[in-house]
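So this one's input34.txt, compact mmCIF, C-alpha atoms:
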# COMPACT_ATOMS: atom_id res chain seq x y z
CA MET A 1 -2.32 -20.76 -0.77
CA PHE A 2 -2.80 -21.65 2.89
CA ILE A 3 0.37 -22.10 4.95
CA GLU A 4 -0.45 -24.47 7.82
CA ILE A 5 1.36 -24.49 11.15
CA ARG A 6 0.97 -28.27 11.39
CA GLU A 7 2.79 -28.81 8.09
CA LEU A 8 5.47 -26.22 8.95
CA GLY A 9 6.18 -28.24 12.10
CA LEU A 10 7.28 -31.11 9.86
CA HIS A 11 9.31 -29.15 7.28
CA PRO A 12 9.69 -25.69 5.72
CA ILE A 13 7.43 -24.97 2.74
CA ASP A 14 8.90 -23.58 -0.46
CA PHE A 15 6.44 -21.75 -2.69
CA GLU A 16 6.38 -20.45 -6.23
CA GLU A 17 2.97 -19.07 -7.11
CA GLU A 18 1.31 -16.83 -9.67
CA PHE A 19 -1.90 -14.91 -8.92
CA ALA A 20 -3.88 -13.58 -11.88
CA PRO A 21 -5.35 -10.06 -11.81
CA GLY A 22 -8.48 -10.10 -9.65
CA ALA A 23 -7.43 -13.12 -7.57
CA ILE A 24 -6.40 -10.80 -4.70
CA ASP A 25 -8.73 -7.96 -3.70
CA PHE A 26 -6.86 -4.64 -3.57
CA GLY A 27 -9.95 -2.44 -3.31
CA THR A 28 -11.15 0.16 -5.78
CA GLU A 29 -8.12 2.49 -5.89
CA LEU A 30 -5.65 -0.03 -7.30
CA GLU A 31 -5.82 -2.10 -10.48
CA GLN A 32 -3.60 -5.15 -10.89
CA ARG A 33 -2.37 -5.22 -14.52
CA SER A 34 -0.19 -8.35 -14.58
CA PRO A 35 -0.04 -11.57 -12.55
CA ILE A 36 1.71 -11.41 -9.18
CA LYS A 37 4.67 -13.76 -9.41
CA THR A 38 6.06 -14.78 -6.05
CA SER A 39 8.50 -17.29 -4.71
CA GLY A 40 10.04 -17.95 -1.34
CA ARG A 41 10.03 -20.05 1.78
CA ALA A 42 7.81 -20.35 4.84
CA GLN A 43 9.23 -21.83 8.00
CA LEU A 44 8.30 -22.31 11.62
CA VAL A 45 10.13 -20.28 14.24
CA GLU A 46 9.57 -21.31 17.84
CA GLU A 47 9.94 -18.60 20.45
CA HIS A 48 10.44 -19.71 24.04
CA HIS A 49 8.99 -17.45 26.72
CA GLY A 50 9.98 -18.82 30.08
CA LYS A 51 10.31 -22.55 30.81
CA SER A 52 6.96 -23.78 29.54
CA LEU A 53 5.58 -21.26 27.05
CA SER A 54 6.44 -21.76 23.40
CA ILE A 55 5.03 -19.53 20.63
CA LYS A 56 4.98 -20.78 17.04
CA ASP A 57 5.73 -17.96 14.61
CA ILE A 58 5.63 -18.17 10.82
CA ARG A 59 8.52 -16.61 8.95
CA LEU A 60 7.98 -15.76 5.27
CA ASN A 61 11.00 -15.00 3.10
CA GLY A 62 10.51 -14.25 -0.55
CA LYS A 63 10.03 -11.85 -3.41
CA LEU A 64 7.19 -10.68 -5.60
CA ALA A 65 6.76 -8.84 -8.88
CA THR A 66 3.69 -7.38 -10.62
CA THR A 67 2.40 -4.32 -12.44
CA ILE A 68 -0.33 -2.14 -10.96
CA ALA A 69 -2.17 1.03 -11.96
CA VAL A 70 -3.28 3.80 -9.59
CA PRO A 71 -4.97 7.15 -10.33
CA CYS A 72 -2.80 10.23 -10.76
CA ALA A 73 -3.25 12.57 -7.78
CA ARG A 74 -3.71 15.56 -10.12
CA CYS A 75 -5.63 14.41 -13.22
CA LEU A 76 -7.01 10.99 -12.16
CA GLU A 77 -5.58 9.22 -15.24
CA LEU A 78 -4.16 5.79 -14.41
CA VAL A 79 -0.42 5.62 -13.68
CA GLN A 80 1.22 2.25 -14.29
CA LEU A 81 3.82 1.15 -11.72
CA ASP A 82 6.11 -1.89 -11.68
CA VAL A 83 6.27 -3.45 -8.23
CA LYS A 84 9.24 -5.58 -7.27
CA ARG A 85 9.76 -6.30 -3.62
CA ASP A 86 11.76 -8.66 -1.41
CA PHE A 87 10.17 -9.47 1.93
CA ASP A 88 11.16 -11.09 5.21
CA LEU A 89 8.08 -11.24 7.43
CA LEU A 90 7.32 -12.65 10.86
CA TYR A 91 3.78 -13.62 11.86
CA ARG A 92 2.94 -14.37 15.49
CA PRO A 93 -0.29 -16.07 16.69
CA GLN A 94 -2.97 -13.49 17.40
CA GLY A 95 -3.35 -12.94 21.15
CA SER A 96 0.11 -14.29 22.00
CA ASP A 97 1.15 -10.86 23.27
CA ALA A 98 -2.06 -10.35 25.27
CA GLY A 99 -1.64 -9.56 28.92
CA GLU A 100 1.80 -8.09 28.56
CA GLU A 101 2.36 -4.59 29.91
CA GLU A 102 2.45 -1.73 27.47
CA SER A 103 5.99 -0.78 26.68
CA ALA A 104 8.01 0.74 23.89
CA VAL A 105 8.13 -1.64 20.94
CA PRO A 106 11.69 -2.68 20.08
CA SER A 107 12.54 -2.06 16.43
CA ALA A 108 12.92 -5.81 15.86
CA GLU A 109 9.30 -6.35 16.92
CA SER A 110 7.87 -3.44 14.94
CA GLU A 111 7.85 -5.68 11.86
CA VAL A 112 5.74 -8.42 13.51
CA SER A 113 2.25 -9.16 12.17
CA TYR A 114 -0.30 -11.66 13.43
CA TYR A 115 -2.07 -14.72 12.08
CA GLN A 116 -5.23 -16.33 13.36
CA GLY A 117 -6.16 -19.99 13.61
CA ALA A 118 -4.23 -22.86 12.04
CA GLY A 119 -2.06 -20.82 9.70
CA LEU A 120 -1.65 -17.97 7.28
CA GLN A 121 -3.07 -17.17 3.84
CA LEU A 122 -0.18 -16.26 1.49
CA GLU A 123 -2.49 -13.93 -0.46
CA ASP A 124 -2.98 -11.77 2.65
CA ALA A 125 0.77 -11.28 3.03
CA LEU A 126 1.13 -10.44 -0.67
CA ARG A 127 -1.73 -7.92 -0.55
CA GLU A 128 0.00 -6.13 2.32
CA GLN A 129 3.35 -6.07 0.51
CA VAL A 130 1.88 -4.68 -2.73
CA LEU A 131 -0.06 -1.99 -0.85
CA LEU A 132 3.12 -0.94 0.95
CA GLU A 133 4.69 -0.20 -2.46
CA VAL A 134 1.89 2.12 -3.60
CA PRO A 135 2.97 5.77 -3.26
CA LEU A 136 0.68 8.09 -1.30
CA LYS A 137 0.35 10.36 -4.33
CA ALA A 138 1.25 8.99 -7.73
CA ILE A 139 1.78 11.59 -10.47
CA CYS A 140 1.50 10.64 -14.16
CA ARG A 141 4.25 13.10 -15.14
CA ASP A 142 6.10 16.01 -13.52
CA ASP A 143 4.32 18.67 -15.58
CA CYS A 144 0.79 17.29 -15.05
CA LYS A 145 -1.67 20.21 -15.08
CA GLY A 146 -4.43 18.31 -13.28
CA LEU A 147 -8.15 18.99 -13.47
CA CYS A 148 -9.90 22.36 -13.77
CA PRO A 149 -11.34 23.12 -10.32
CA HIS A 150 -14.46 24.62 -11.92
CA CYS A 151 -15.51 22.31 -14.77
CA GLY A 152 -13.40 19.21 -14.05
CA LYS A 153 -11.77 18.93 -17.50
CA ASN A 154 -8.37 17.29 -17.73
CA LEU A 155 -6.07 20.26 -18.52
CA ASN A 156 -3.45 17.91 -20.03
CA VAL A 157 -5.90 16.98 -22.79
CA GLU A 158 -7.76 20.23 -23.48
CA GLN A 159 -7.92 23.79 -22.25
CA CYS A 160 -11.21 24.76 -20.62
CA SER A 161 -13.09 28.00 -21.10
CA CYS A 162 -13.42 28.77 -17.40
CA GLY A 163 -12.19 32.19 -16.28
CA THR A 164 -8.94 32.36 -14.40
CA GLN A 165 -10.36 34.84 -11.88
CA PRO A 166 -11.70 33.25 -8.72
CA ASN A 167 -15.45 33.54 -8.34
CA ASP A 168 -15.23 33.38 -4.57
CA PRO A 169 -16.57 36.63 -3.00
CA ARG A 170 -13.98 36.38 -0.23
CA TRP A 171 -11.33 37.50 -2.75
CA THR A 172 -13.18 40.71 -3.65
CA ALA A 173 -11.35 42.85 -1.08
CA LEU A 174 -7.95 41.72 -2.34
CA GLN A 175 -8.96 42.34 -5.95
CA GLU A 176 -9.97 45.91 -5.06
CA ILE A 177 -6.62 46.54 -3.36
CA ARG A 178 -4.80 45.16 -6.40
CA SER A 179 -6.77 47.43 -8.74
CA LYS A 180 -5.95 50.50 -6.61
CA LEU A 181 -2.26 49.66 -6.52
CA GLN A 182 -2.12 49.19 -10.28
CA GLY A 183 -3.98 52.51 -10.77
CA GLU A 184 -1.35 54.42 -8.72
CA ARG A 185 1.53 53.38 -10.98

Could you take the file, read its structure, and then write that structure out as structure tokens?
Amino acid sequence: MFIEIRELGLHPIDFEEEFAPGAIDFGTELEQRSPIKTSGRAQLVEEHHGKSLSIKDIRLNGKLATTIAVPCARCLELVQLDVKRDFDLLYRPQGSDAGEEESAVPSAESEVSYYQGAGLQLEDALREQVLLEVPLKAICRDDCKGLCPHCGKNLNVEQCSCGTQPNDPRWTALQEIRSKLQGER
């Protein structure tokens, strides 16, 4: 859904949309399992900078809900997550801040994004909001054993026959010290 500045100048736009899995590209690390249901309102916010400069911002208020799946950080099995999020976003025209001196960004402006051209694609805003809900490391369960570092088997499903002793020759010196200490007891 394209939200046009020209139409927002006439009246706010209320939206209630549903995006089927695959309609929005989330990349290869995330799988959308249920439709994204979203509703809200888009409106024009005019910012006056000085006597003659007026910047037309787009404000998006709404909520979304969907179900996604991401790989477990330990065993790579898919972890299903319910995403429910309210959002209040402000989009400024790209380049409107150009030429201003670098300064500390006030906290109110740290939430500002940018749009380009005649408006904003709602799908782009939704993609960003869903990705913000994805944890850095999702774990399928607290006691997940992960993958064997040698053979790659999922240790939650089956035990592997790999030895527990490290094969790395850098550990040899420590193994010798351990053997000597155990022999002295």

(request) Step by step: start from the point (9.8, -10.4, -6.4) in the file's coordinates, keep every protein, DNA or RNA residue that has an atom no farther than 7 Å from it, count only C-alpha atoms, and write the set as a count of residues only. (result) 8

(message) Would you pick out the contacts of Glu133 (chain A) at 12 Å or less, using all atoms listed in the file, so that residues sharing its chain but fewer than 5 positions from it are not included, and give the list as an MDAnalysis selection string?
(response) chainID A and resid 30 64:70 81:87 126:128 138

Using C-alpha atoms, can you export the residues from the last selection as a compact mmCIF listing (two decimals), in the frame of the given file?
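In the end it all went to selection_11.txt:
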# COMPACT_ATOMS: atom_id res chain seq x y z
CA LEU A 30 -5.65 -0.03 -7.30
CA LEU A 64 7.19 -10.68 -5.60
CA ALA A 65 6.76 -8.84 -8.88
CA THR A 66 3.69 -7.38 -10.62
CA THR A 67 2.40 -4.32 -12.44
CA ILE A 68 -0.33 -2.14 -10.96
CA ALA A 69 -2.17 1.03 -11.96
CA VAL A 70 -3.28 3.80 -9.59
CA LEU A 81 3.82 1.15 -11.72
CA ASP A 82 6.11 -1.89 -11.68
CA VAL A 83 6.27 -3.45 -8.23
CA LYS A 84 9.24 -5.58 -7.27
CA ARG A 85 9.76 -6.30 -3.62
CA ASP A 86 11.76 -8.66 -1.41
CA PHE A 87 10.17 -9.47 1.93
CA LEU A 126 1.13 -10.44 -0.67
CA ARG A 127 -1.73 -7.92 -0.55
CA GLU A 128 0.00 -6.13 2.32
CA ALA A 138 1.25 8.99 -7.73

(message) Counting only C-alpha atoms, which residue out of A:Pro71, A:Gly62, A:Gly146, A:Pro169 sits closest to Ala125 (chain A)?
(response)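 Closest to Ala125 (chain A) of all the choices is A:Gly62.
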
(message) For a quick check of understanding, using only C-alpha atoms, which of A:Leu44, A:Leu132, A:Cys75, A:Leu60 has the smallest distance to Pro149 (chain A)?
(response)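 When distances to Pro149 (chain A) are compared using only C-alpha atoms, the smallest one comes from A:Cys75.
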
(request) Determine the nearest neighbour of Phe2 (chain A) from the options A:Asp57, A:Glu17, A:Glu111, A:Asp25, counting all atoms listed in the file. (result)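 Nearest to Phe2 (chain A): A:Glu17.
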
(request) With a distance cut-off of 9 Å and all atoms listed in the file, select the neighbouring residues of Ser113 (chain A), excluding the residue or stretch itself and same-chain residues fewer than 4 positions from it, and output the selection as a ChimeraX atom specification. (result) /A:89-94,109

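Using all atoms listed in the file, the smallest distance between any of A:Val79, A:Cys148, A:Phe15, A:Leu53 and Ser161 (chain A) comes from A:Cys148.
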
(request) Could you tell me how far CA of Asn61 (chain A) lies from CA of Thr28 (chain A), in Å and to one decimal? (result) 28.3 Å

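The interatomic distance for the pair CA of Glu4 (chain A) and CA of Ala118 (chain A) works out to 5.9 Å.
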
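The interatomic distance for the pair CA of Tyr115 (chain A) and CA of Ser34 (chain A) works out to 27.5 Å.
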
(message) For a quick check of understanding, using all atoms listed in the file, which of A:Ala173, A:Cys72, A:Ala23, A:Leu8 has the smallest distance to Arg59 (chain A)?
(response) A:Leu8

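For Cys151 (chain A), the set of protein, DNA and RNA residues having any atom at most 10 Å away, when counting all atoms listed in the file and skipping those fewer than 4 positions along the same chain, is Leu147, Cys160, Ser161 and Cys162 of chain A.
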
Write the residues of the selection above to a file with C-alpha atoms, as a short mmCIF file (atom, residue, chain, number, x, y, z; two decimals), keeping the file's coordinate frame.
data_model
loop_
_atom_site.label_atom_id
_atom_site.label_comp_id
_atom_site.auth_asym_id
_atom_site.auth_seq_id
_atom_site.Cartn_x
_atom_site.Cartn_y
_atom_site.Cartn_z
CA LEU A 147 -8.15 18.99 -13.47
CA CYS A 160 -11.21 24.76 -20.62
CA SER A 161 -13.09 28.00 -21.10
CA CYS A 162 -13.42 28.77 -17.40
#

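Distances from A:Asp168, A:Asp88, A:Asp143, A:Glu77 to Gly40 (chain A) were compared using only C-alpha atoms, and the smallest one belongs to A:Asp88.
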